[in-house]
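Trainee: This one is entry-v6.cif, mmCIF, C-alpha atoms.
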```cif
data_query
loop_
_atom_site.label_atom_id
_atom_site.label_comp_id
_atom_site.auth_asym_id
_atom_site.auth_seq_id
_atom_site.Cartn_x
_atom_site.Cartn_y
_atom_site.Cartn_z
CA MET M 1 -18.04 -9.22 -4.38
CA ARG M 2 -15.72 -11.37 -6.51
CA LEU M 3 -13.25 -9.46 -8.65
CA MET M 4 -11.44 -12.28 -10.45
CA THR M 5 -10.32 -15.89 -10.33
CA VAL M 6 -7.07 -17.09 -11.88
CA GLY M 7 -4.76 -20.06 -11.85
CA ALA M 8 -1.42 -19.16 -10.30
CA ASP M 9 1.48 -21.53 -10.80
CA ALA M 10 3.69 -19.52 -8.43
CA THR M 11 1.83 -20.80 -5.37
CA PRO M 12 1.82 -24.18 -3.60
CA ASN M 13 0.70 -27.08 -5.79
CA PHE M 14 -0.44 -24.75 -8.60
CA ALA M 15 -3.21 -23.27 -6.49
CA LYS M 16 -6.14 -21.45 -8.02
CA LEU M 17 -6.66 -18.07 -6.43
CA SER M 18 -9.71 -15.84 -6.22
CA LEU M 19 -9.79 -12.11 -5.50
CA SER M 20 -12.75 -10.53 -3.77
CA LEU M 21 -13.84 -7.88 -1.29
CA ALA M 22 -14.90 -8.91 2.20
CA THR M 23 -18.67 -8.62 2.50
CA THR M 24 -19.36 -10.16 5.93
CA PRO M 25 -17.98 -9.71 9.46
CA GLU M 26 -16.64 -13.27 9.34
CA GLU M 27 -14.62 -12.51 6.21
CA VAL M 28 -13.12 -9.48 7.98
CA ARG M 29 -12.22 -11.73 10.91
CA GLU M 30 -10.51 -14.12 8.46
CA VAL M 31 -8.41 -11.18 7.30
CA GLN M 32 -7.59 -10.23 10.87
CA ARG M 33 -6.56 -13.83 11.65
CA LEU M 34 -4.16 -13.83 8.72
CA ARG M 35 -2.68 -10.52 9.84
CA TYR M 36 -2.22 -11.93 13.34
CA LYS M 37 -0.54 -15.03 11.97
CA VAL M 38 1.92 -12.95 9.95
CA PHE M 39 2.52 -9.91 12.16
CA VAL M 40 2.48 -11.61 15.57
CA GLU M 41 3.23 -15.30 15.11
CA ALA M 42 5.67 -15.04 12.19
CA MET M 43 7.21 -11.59 12.69
CA GLY M 44 7.03 -11.63 16.50
CA ILE M 45 5.45 -8.21 17.03
CA ASP M 46 4.51 -8.74 20.67
CA THR M 47 2.79 -5.38 21.09
CA LEU M 48 -0.05 -6.79 18.93
CA ARG M 49 -0.37 -10.07 20.84
CA ASN M 50 -3.81 -10.83 22.28
CA GLY M 51 -5.98 -13.77 23.32
CA GLU M 52 -8.37 -13.44 20.35
CA GLY M 53 -5.75 -14.17 17.72
CA LEU M 54 -6.97 -11.19 15.66
CA GLU M 55 -4.93 -8.18 14.51
CA ARG M 56 -7.33 -5.27 14.24
CA ASP M 57 -7.75 -1.56 14.89
CA GLU M 58 -10.32 1.21 14.58
CA PHE M 59 -9.80 1.60 10.82
CA ASP M 60 -10.97 -1.93 10.00
CA GLU M 61 -14.63 -0.99 10.40
CA VAL M 62 -14.51 1.76 7.76
CA CYS M 63 -12.13 0.12 5.28
CA GLU M 64 -12.76 -2.30 2.47
CA HIS M 65 -10.70 -5.46 2.66
CA LEU M 66 -9.28 -7.18 -0.40
CA ILE M 67 -9.07 -10.96 -0.01
CA VAL M 68 -7.04 -13.44 -2.02
CA ARG M 69 -8.28 -16.95 -1.28
CA ASP M 70 -6.96 -20.38 -2.26
CA THR M 71 -10.10 -21.84 -3.82
CA ARG M 72 -9.08 -25.42 -3.04
CA THR M 73 -8.75 -24.92 0.71
CA LEU M 74 -10.82 -21.69 0.98
CA GLN M 75 -7.97 -20.29 3.07
CA VAL M 76 -7.36 -16.53 2.99
CA VAL M 77 -3.74 -16.18 1.82
CA GLY M 78 -3.46 -12.47 1.07
CA THR M 79 -5.10 -9.21 2.01
CA TYR M 80 -4.89 -5.45 1.63
CA ARG M 81 -7.20 -2.95 3.23
CA VAL M 82 -8.39 0.11 1.37
CA LEU M 83 -9.56 3.45 2.74
CA GLY M 84 -11.38 5.85 0.45
CA ALA M 85 -13.05 9.24 0.84
CA ARG M 86 -16.15 7.88 2.59
CA GLY M 87 -14.06 6.04 5.16
CA VAL M 88 -11.94 9.11 5.79
CA ALA M 89 -15.13 11.09 6.39
CA SER M 90 -15.83 8.70 9.29
CA THR M 91 -12.34 8.60 10.79
CA GLY M 92 -11.38 12.18 10.03
CA ARG M 93 -7.96 11.04 8.84
CA PHE M 94 -5.99 8.55 6.81
CA TYR M 95 -4.12 5.84 8.70
CA SER M 96 -0.88 7.34 7.33
CA GLU M 97 -1.60 10.49 9.31
CA ASN M 98 -0.76 8.59 12.49
CA GLU M 99 2.83 8.67 11.22
CA PHE M 100 3.09 11.54 8.75
CA ASP M 101 1.93 15.13 8.40
CA LEU M 102 0.01 15.21 5.10
CA SER M 103 -0.73 18.95 5.13
CA ARG M 104 0.66 19.49 1.63
CA LEU M 105 -1.78 16.91 0.26
CA GLN M 106 -4.86 18.53 1.78
CA HIS M 107 -6.23 19.70 -1.59
CA LEU M 108 -5.96 16.15 -2.98
CA ARG M 109 -7.81 14.33 -0.20
CA PRO M 110 -11.08 13.63 -2.09
CA ARG M 111 -9.03 11.98 -4.87
CA ILE M 112 -6.83 9.79 -2.67
CA LEU M 113 -7.19 6.08 -1.96
CA GLU M 114 -5.08 4.65 0.86
CA ALA M 115 -3.83 1.06 0.92
CA GLY M 116 -2.51 -0.56 4.06
CA ARG M 117 -1.96 -3.69 6.16
CA ALA M 118 -0.56 -5.63 3.19
CA CYS M 119 -0.25 -9.21 4.32
CA ILE M 120 0.55 -12.49 2.51
CA HIS M 121 0.67 -15.98 3.99
CA PRO M 122 4.31 -17.17 4.23
CA ASP M 123 3.62 -20.11 1.88
CA TYR M 124 2.27 -17.87 -0.91
CA ARG M 125 4.96 -15.24 -1.41
CA SER M 126 6.28 -16.07 -4.84
CA GLY M 127 4.40 -13.44 -6.83
CA GLY M 128 0.87 -14.48 -7.75
CA VAL M 129 -0.85 -13.14 -4.64
CA ILE M 130 0.72 -9.68 -4.69
CA MET M 131 -0.12 -9.29 -8.38
CA MET M 132 -3.76 -10.08 -7.64
CA LEU M 133 -3.81 -7.61 -4.75
CA TRP M 134 -2.43 -4.88 -7.01
CA ALA M 135 -5.13 -5.67 -9.56
CA GLY M 136 -7.66 -5.32 -6.73
CA LEU M 137 -6.24 -1.93 -5.77
CA ALA M 138 -6.62 -0.77 -9.37
CA ALA M 139 -10.25 -1.93 -9.37
CA CYS M 140 -10.89 -0.01 -6.14
CA MET M 141 -9.30 3.12 -7.63
CA ARG M 142 -11.60 2.90 -10.63
CA LYS M 143 -14.63 2.45 -8.37
CA GLU M 144 -13.67 5.42 -6.18
CA ASN M 145 -12.53 7.62 -9.11
CA ALA M 146 -9.27 8.04 -7.21
CA GLU M 147 -6.28 9.67 -8.87
CA TYR M 148 -3.68 8.97 -6.17
CA LEU M 149 -2.74 5.85 -4.23
CA ILE M 150 -0.91 6.29 -0.92
CA GLY M 151 0.36 3.93 1.73
CA CYS M 152 3.11 3.18 4.23
CA ALA M 153 5.76 0.61 3.35
CA SER M 154 7.52 -0.87 6.36
CA VAL M 155 11.17 -1.89 6.67
CA SER M 156 12.13 -4.04 9.65
CA LEU M 157 14.58 -2.65 12.17
CA ALA M 158 15.75 -6.10 13.25
CA ASP M 159 19.20 -5.30 11.81
CA GLY M 160 19.47 -2.07 13.78
CA GLY M 161 18.51 0.17 10.88
CA SER M 162 21.12 -0.74 8.26
CA THR M 163 18.52 -1.74 5.67
CA ILE M 164 16.33 1.35 5.98
CA ASN M 165 19.41 3.59 5.80
CA SER M 166 20.52 1.92 2.58
CA ILE M 167 17.04 1.90 1.04
CA TYR M 168 16.28 5.51 1.93
CA ARG M 169 19.54 6.86 0.53
CA LYS M 170 18.96 5.07 -2.75
CA LEU M 171 15.29 6.05 -3.09
CA ALA M 172 15.85 9.64 -2.01
CA ALA M 173 18.28 10.02 -4.90
CA GLU M 174 16.08 8.36 -7.52
CA HIS M 175 12.43 8.34 -6.44
CA MET M 176 11.74 11.35 -4.21
CA ALA M 177 8.41 13.14 -4.70
CA PRO M 178 8.43 16.73 -5.97
CA PRO M 179 8.41 19.28 -3.11
CA GLU M 180 4.68 19.96 -3.39
CA TYR M 181 3.93 16.31 -2.53
CA ARG M 182 6.36 15.92 0.38
CA VAL M 183 5.23 14.74 3.81
CA ALA M 184 6.96 14.94 7.20
CA PRO M 185 7.30 12.07 9.69
CA ARG M 186 5.76 12.78 13.09
CA LEU M 187 8.38 10.58 14.77
CA PRO M 188 11.38 10.61 12.42
CA PHE M 189 13.62 7.58 12.31
CA PRO M 190 17.19 8.77 13.06
CA LEU M 191 19.14 8.16 9.89
CA ALA M 192 22.87 7.53 9.96
CA ASP M 193 25.29 9.95 8.30
CA GLU M 194 26.58 7.12 6.13
CA ALA M 195 24.57 4.31 4.57
CA PRO M 196 25.77 0.75 3.99
CA ALA M 197 25.99 -0.80 0.53
CA ASP M 198 22.84 -1.34 -1.50
CA CYS M 199 20.51 -4.05 -0.28
CA ALA M 200 17.49 -5.80 -1.78
CA LEU M 201 14.22 -3.87 -1.78
CA PRO M 202 11.23 -5.44 0.00
CA PRO M 203 8.66 -6.73 -2.55
CA LEU M 204 6.02 -4.16 -1.55
CA ILE M 205 8.37 -1.21 -2.12
CA LYS M 206 9.63 -2.76 -5.34
CA GLY M 207 6.04 -3.08 -6.58
CA TYR M 208 5.30 0.57 -5.83
CA LEU M 209 8.46 1.77 -7.58
CA ARG M 210 7.94 -0.36 -10.67
CA SER M 211 4.50 1.18 -11.01
CA GLY M 212 5.90 4.72 -10.87
CA ALA M 213 5.52 5.67 -7.20
CA TRP M 214 7.52 8.21 -5.22
CA ILE M 215 8.60 8.25 -1.62
CA GLY M 216 7.24 11.28 0.20
CA GLY M 217 10.20 12.06 2.43
CA GLU M 218 12.22 10.68 5.33
CA PRO M 219 11.04 7.54 7.14
CA ALA M 220 8.87 7.52 10.24
CA TRP M 221 9.65 5.33 13.23
CA ASP M 222 6.91 2.86 14.18
CA PRO M 223 7.89 1.44 17.60
CA ASP M 224 4.84 -0.87 17.77
CA PHE M 225 5.86 -2.72 14.59
CA HIS M 226 9.62 -2.25 15.22
CA SER M 227 9.90 -0.79 11.74
CA ALA M 228 10.76 2.34 9.81
CA ASP M 229 7.98 3.34 7.41
CA LEU M 230 8.27 5.12 4.08
CA PHE M 231 5.35 7.12 2.75
CA MET M 232 4.61 5.94 -0.79
CA MET M 233 2.54 7.91 -3.30
CA LEU M 234 1.50 6.77 -6.76
CA PRO M 235 -0.29 9.28 -9.00
CA LEU M 236 -2.38 7.37 -11.50
CA SER M 237 -0.92 9.55 -14.25
CA ARG M 238 2.52 8.06 -13.50
CA LEU M 239 1.46 4.43 -13.66
CA GLU M 240 3.82 3.01 -16.25
CA GLY M 241 2.32 1.78 -19.50
CA ARG M 242 2.71 -1.98 -19.11
CA TYR M 243 1.38 -1.86 -15.55
CA ALA M 244 -1.50 0.37 -16.60
CA ARG M 245 -2.47 -2.13 -19.29
CA HIS M 246 -2.25 -5.01 -16.83
CA TYR M 247 -4.08 -3.42 -13.91
CA LEU M 248 -6.41 -0.98 -15.61
CA LYS M 249 -6.88 -2.75 -18.95
CA GLU M 250 -6.02 0.45 -20.79
CA PRO M 251 -3.12 2.94 -20.75
CA VAL M 252 -3.29 5.86 -18.35
CA ALA M 253 -2.76 9.23 -19.95
CA ALA M 254 0.38 11.03 -18.85
#
```
Starting from the coordinates I provided, produce the structure as structure tokens.
Mentor:
Amino acid sequence: MRLMTVGADATPNFAKLSLSLATTPEEVREVQRLRYKVFVEAMGIDTLRNGEGLERDEFDEVCEHLIVRDTRTLQVVGTYRVLGARGVASTGRFYSENEFDLSRLQHLRPRILEAGRACIHPDYRSGGVIMMLWAGLAACMRKENAEYLIGCASVSLADGGSTINSIYRKLAAEHMAPPEYRVAPRLPFPLADEAPADCALPPLIKGYLRSGAWIGGEPAWDPDFHSADLFMMLPLSRLEGRYARHYLKEPVAA
């Protein structure tokens, strides 16, 4: 299923990109190869290393996989996986529930779409690919009649936790979800009493916040990915006007 094709001058050699959903097992394997290249080979997450060169888990079989492809080389350069109500019926849980207690969101479950495993080829990280992936998420929300988008946004702990401490303190003051939408980490990351000076936000978190998302509470510790994860939640009703017009083609009522 092709969603769109655009020219993107923010990618190597003015590449033309196409956005689609994976429809064959081979396309899913292409996604898993890209994730392996980024998570294992580039980021060095050795707990995911294997002889197949594929990064995969039990959720892949029940998720839809957004693919951004360079149409000149046919290489998969970006992906996001999406879990809707039908997938959750199979797994019995969202992926986020491995890290967070979502009890307060129980009544919203049929209206939630979960996005995860965001991954972009290192040579294509100047903006065009992530914009296409966000457009794909919006298309999936329309298809699923979802009113809420959730996901985990990871912050590397390579610096010992300085970045996540700085980011959390800033976002907790300005972008915390109302109490009725809060979640609790199953394995909390131990935050320091004092946070260092402000630091740059990772692009994924920045994209969520610009669209109107909240963080759901304190970060969870993910030892496998050597990261601290923030629970992100975007009610469709909060999607800011210019992003609503771009992604949804019409404003979203407040």
Trainee: Exactly which residues make up the result of the PyMOL selection byres ((chain M and resi 101) around 8) on this file, given as a list in words?
Mentor: Glu97, Glu99, Phe100, Leu102, Ser103, Val183, Ala184, Pro185 and Arg186 of chain M
Trainee: I'd like the neighbourhood of Cys199 in chain M as a ChimeraX atom specification, where a residue qualifies if any of its atoms comes within 9 Å (using all atoms listed in the file), though same-chain residues fewer than 4 positions away should be ignored.
Mentor: /M:163,166-167
Trainee: Can you list every residue of range 128-215 of chain M that has an atom at most 9 Å from range 61-72 of chain M, with its nearest atom pair and the distance in Å to one decimal, using all atoms listed in the file, ordered by chain then number, as JSON lines?
Mentor:
```
{"residue": "M:Val129", "atom": "CA", "partner": "M:Val68", "partner_atom": "CA", "distance": 6.7}
{"residue": "M:Met132", "atom": "CA", "partner": "M:Val68", "partner_atom": "CA", "distance": 7.3}
{"residue": "M:Leu133", "atom": "CA", "partner": "M:Leu66", "partner_atom": "CA", "distance": 7.0}
{"residue": "M:Gly136", "atom": "CA", "partner": "M:Leu66", "partner_atom": "CA", "distance": 6.8}
{"residue": "M:Leu137", "atom": "CA", "partner": "M:Leu66", "partner_atom": "CA", "distance": 8.1}
```
Trainee: Any chance you could resolve the PyMOL selection byres ((chain M and resi 43) around 12) against this file and give the residues as a VMD selection string?
Mentor: chain M and resid 35 to 42 44 to 49 119 121 to 122 156 to 158 225 to 227
Trainee: Residue by residue, what does the PyMOL selection byres ((chain M and resi 84) around 12) grab here? Present the result as number ranges by chain.
Mentor: M: 59, 62-65, 81-83, 85-95, 109-116, 137, 140-151
Trainee: Find the spatial neighbours of Ala172 in chain M, counting only C-alpha atoms, within a cut-off of 9 Å - ignore same-chain residues fewer than 5 positions away - and output them as a PyMOL selection string.
Mentor: chain M and resi 167+177+215+217-218
Trainee: Given the choices M:Asn50, M:Ile164, M:Val31, M:His107, which gets closest to Ile120 in chain M if the distance is worked out from all atoms listed in the file?
Mentor: M:Val31
Trainee: By how many Å are CA of Leu54 in chain M and CA of Arg29 in chain M apart?
Mentor: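 Rounded to one decimal, the two atoms are 7.1 Å apart.
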Trainee: Would you be able to write out as a PDB file with C-alpha atoms, in the coordinates of the input which residues have an atom within 12 Å of (25.9, 0.7, -3.0) in the file's coordinates, counting only C-alpha atoms?
Mentor:
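Printed below is point-v5.pdb as written:
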```pdb
ATOM      1  CA  THR M 163      18.520  -1.740   5.670  1.00  0.00           C
ATOM      2  CA  ASN M 165      19.410   3.590   5.800  1.00  0.00           C
ATOM      3  CA  SER M 166      20.520   1.920   2.580  1.00  0.00           C
ATOM      4  CA  ILE M 167      17.040   1.900   1.040  1.00  0.00           C
ATOM      5  CA  TYR M 168      16.280   5.510   1.930  1.00  0.00           C
ATOM      6  CA  ARG M 169      19.540   6.860   0.530  1.00  0.00           C
ATOM      7  CA  LYS M 170      18.960   5.070  -2.750  1.00  0.00           C
ATOM      8  CA  LEU M 171      15.290   6.050  -3.090  1.00  0.00           C
ATOM      9  CA  GLU M 194      26.580   7.120   6.130  1.00  0.00           C
ATOM     10  CA  ALA M 195      24.570   4.310   4.570  1.00  0.00           C
ATOM     11  CA  PRO M 196      25.770   0.750   3.990  1.00  0.00           C
ATOM     12  CA  ALA M 197      25.990  -0.800   0.530  1.00  0.00           C
ATOM     13  CA  ASP M 198      22.840  -1.340  -1.500  1.00  0.00           C
ATOM     14  CA  CYS M 199      20.510  -4.050  -0.280  1.00  0.00           C
ATOM     15  CA  ALA M 200      17.490  -5.800  -1.780  1.00  0.00           C
TER      16      ALA M 200
END
```
Trainee: To one decimal place in Å, what is the distance between CA of Gly212 in chain M and CA of Arg238 in chain M?
Mentor: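 CA of Gly212 in chain M sits 5.4 Å away from CA of Arg238 in chain M.
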Trainee: Under the rule that only C-alpha atoms are counted, which of M:Ala213, M:Ala135, M:Leu74, M:Leu21 is the nearest residue to Leu236 in chain M?
Mentor: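 So, comparing all the options, the nearest one is M:Ala213.
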Trainee: Would you please work out which residue, of M:Met233, M:Ile130, M:Ala220, M:Leu191, is nearest to Leu204 in chain M when using all atoms listed in the file?
Mentor: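 Checking each of M:Met233, M:Ile130, M:Ala220, M:Leu191 against Leu204 in chain M, counting all atoms listed in the file, the winner is M:Ile130.
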Trainee: Enumerate, as a ChimeraX atom specification, the protein, DNA and RNA residues whose atoms approach (2.3, 16.6, -0.1) to within 8 Å, taking into account only C-alpha atoms and the coordinate frame of the file.
Mentor: /M:102-106,179-183,216
Trainee: For each of M:Val76, M:Ala192, M:Met176, M:Leu230, take the minimum atom-to-atom distance to Ser18 in chain M, counting only C-alpha atoms, then give the residue where this is smallest.
Mentor: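 That would be M:Val76, the residue with the smallest distance to Ser18 in chain M.
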Trainee: Would you kindly place N, CA and C atoms on range 105-131 of chain M and return the model as an mmCIF file, in the coordinates of the input?
Mentor:
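Dumped everything to part-v5.cif:
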```cif
data_model
loop_
_atom_site.group_PDB
_atom_site.id
_atom_site.type_symbol
_atom_site.label_atom_id
_atom_site.label_comp_id
_atom_site.auth_asym_id
_atom_site.auth_seq_id
_atom_site.Cartn_x
_atom_site.Cartn_y
_atom_site.Cartn_z
ATOM 1 N N LEU M 105 -0.878 17.675 1.122
ATOM 2 C CA LEU M 105 -1.780 16.910 0.260
ATOM 3 C C LEU M 105 -3.246 17.228 0.541
ATOM 4 N N GLN M 106 -3.502 18.226 1.355
ATOM 5 C CA GLN M 106 -4.860 18.530 1.780
ATOM 6 C C GLN M 106 -5.805 18.717 0.592
ATOM 7 N N HIS M 107 -5.365 19.414 -0.440
ATOM 8 C CA HIS M 107 -6.230 19.700 -1.590
ATOM 9 C C HIS M 107 -6.523 18.457 -2.423
ATOM 10 N N LEU M 108 -5.772 17.383 -2.208
ATOM 11 C CA LEU M 108 -5.960 16.150 -2.980
ATOM 12 C C LEU M 108 -6.821 15.120 -2.267
ATOM 13 N N ARG M 109 -7.192 15.359 -1.036
ATOM 14 C CA ARG M 109 -7.810 14.330 -0.200
ATOM 15 C C ARG M 109 -9.004 13.625 -0.841
ATOM 16 N N PRO M 110 -9.933 14.337 -1.495
ATOM 17 C CA PRO M 110 -11.080 13.630 -2.090
ATOM 18 C C PRO M 110 -10.690 12.669 -3.210
ATOM 19 N N ARG M 111 -9.465 12.808 -3.733
ATOM 20 C CA ARG M 111 -9.030 11.980 -4.870
ATOM 21 C C ARG M 111 -7.997 10.931 -4.485
ATOM 22 N N ILE M 112 -7.839 10.722 -3.167
ATOM 23 C CA ILE M 112 -6.830 9.790 -2.670
ATOM 24 C C ILE M 112 -7.476 8.501 -2.191
ATOM 25 N N LEU M 113 -6.845 7.387 -2.510
ATOM 26 C CA LEU M 113 -7.190 6.080 -1.960
ATOM 27 C C LEU M 113 -5.958 5.590 -1.187
ATOM 28 N N GLU M 114 -6.191 5.132 0.032
ATOM 29 C CA GLU M 114 -5.080 4.650 0.860
ATOM 30 C C GLU M 114 -5.123 3.130 0.968
ATOM 31 N N ALA M 115 -3.969 2.505 0.767
ATOM 32 C CA ALA M 115 -3.830 1.060 0.920
ATOM 33 C C ALA M 115 -2.944 0.779 2.123
ATOM 34 N N GLY M 116 -3.299 -0.252 2.885
ATOM 35 C CA GLY M 116 -2.510 -0.560 4.060
ATOM 36 C C GLY M 116 -2.673 -1.996 4.518
ATOM 37 N N ARG M 117 -1.914 -2.349 5.560
ATOM 38 C CA ARG M 117 -1.960 -3.690 6.160
ATOM 39 C C ARG M 117 -1.778 -4.797 5.104
ATOM 40 N N ALA M 118 -0.866 -4.574 4.167
ATOM 41 C CA ALA M 118 -0.560 -5.630 3.190
ATOM 42 C C ALA M 118 -0.042 -6.854 3.922
ATOM 43 N N CYS M 119 -0.586 -8.004 3.574
ATOM 44 C CA CYS M 119 -0.250 -9.210 4.320
ATOM 45 C C CYS M 119 -0.435 -10.430 3.421
ATOM 46 N N ILE M 120 0.599 -11.281 3.335
ATOM 47 C CA ILE M 120 0.550 -12.490 2.510
ATOM 48 C C ILE M 120 1.030 -13.671 3.345
ATOM 49 N N HIS M 121 0.296 -14.758 3.276
ATOM 50 C CA HIS M 121 0.670 -15.980 3.990
ATOM 51 C C HIS M 121 2.086 -16.389 3.588
ATOM 52 N N PRO M 122 2.914 -16.831 4.551
ATOM 53 C CA PRO M 122 4.310 -17.170 4.230
ATOM 54 C C PRO M 122 4.472 -18.199 3.119
ATOM 55 N N ASP M 123 3.494 -19.073 2.914
ATOM 56 C CA ASP M 123 3.620 -20.110 1.880
ATOM 57 C C ASP M 123 3.235 -19.625 0.490
ATOM 58 N N TYR M 124 2.810 -18.361 0.362
ATOM 59 C CA TYR M 124 2.270 -17.870 -0.910
ATOM 60 C C TYR M 124 2.959 -16.590 -1.366
ATOM 61 N N ARG M 125 4.262 -16.491 -1.164
ATOM 62 C CA ARG M 125 4.960 -15.240 -1.410
ATOM 63 C C ARG M 125 5.812 -15.230 -2.665
ATOM 64 N N SER M 126 5.435 -16.007 -3.645
ATOM 65 C CA SER M 126 6.280 -16.070 -4.840
ATOM 66 C C SER M 126 5.741 -15.248 -6.012
ATOM 67 N N GLY M 127 4.772 -14.392 -5.787
ATOM 68 C CA GLY M 127 4.400 -13.440 -6.830
ATOM 69 C C GLY M 127 2.931 -13.352 -7.188
ATOM 70 N N GLY M 128 2.242 -14.497 -7.268
ATOM 71 C CA GLY M 128 0.870 -14.480 -7.750
ATOM 72 C C GLY M 128 -0.075 -13.695 -6.871
ATOM 73 N N VAL M 129 0.078 -13.804 -5.551
ATOM 74 C CA VAL M 129 -0.850 -13.140 -4.640
ATOM 75 C C VAL M 129 -0.697 -11.629 -4.696
ATOM 76 N N ILE M 130 0.543 -11.133 -4.674
ATOM 77 C CA ILE M 130 0.720 -9.680 -4.690
ATOM 78 C C ILE M 130 0.236 -9.082 -6.000
ATOM 79 N N MET M 131 0.393 -9.799 -7.114
ATOM 80 C CA MET M 131 -0.120 -9.290 -8.380
ATOM 81 C C MET M 131 -1.640 -9.169 -8.353
#
```
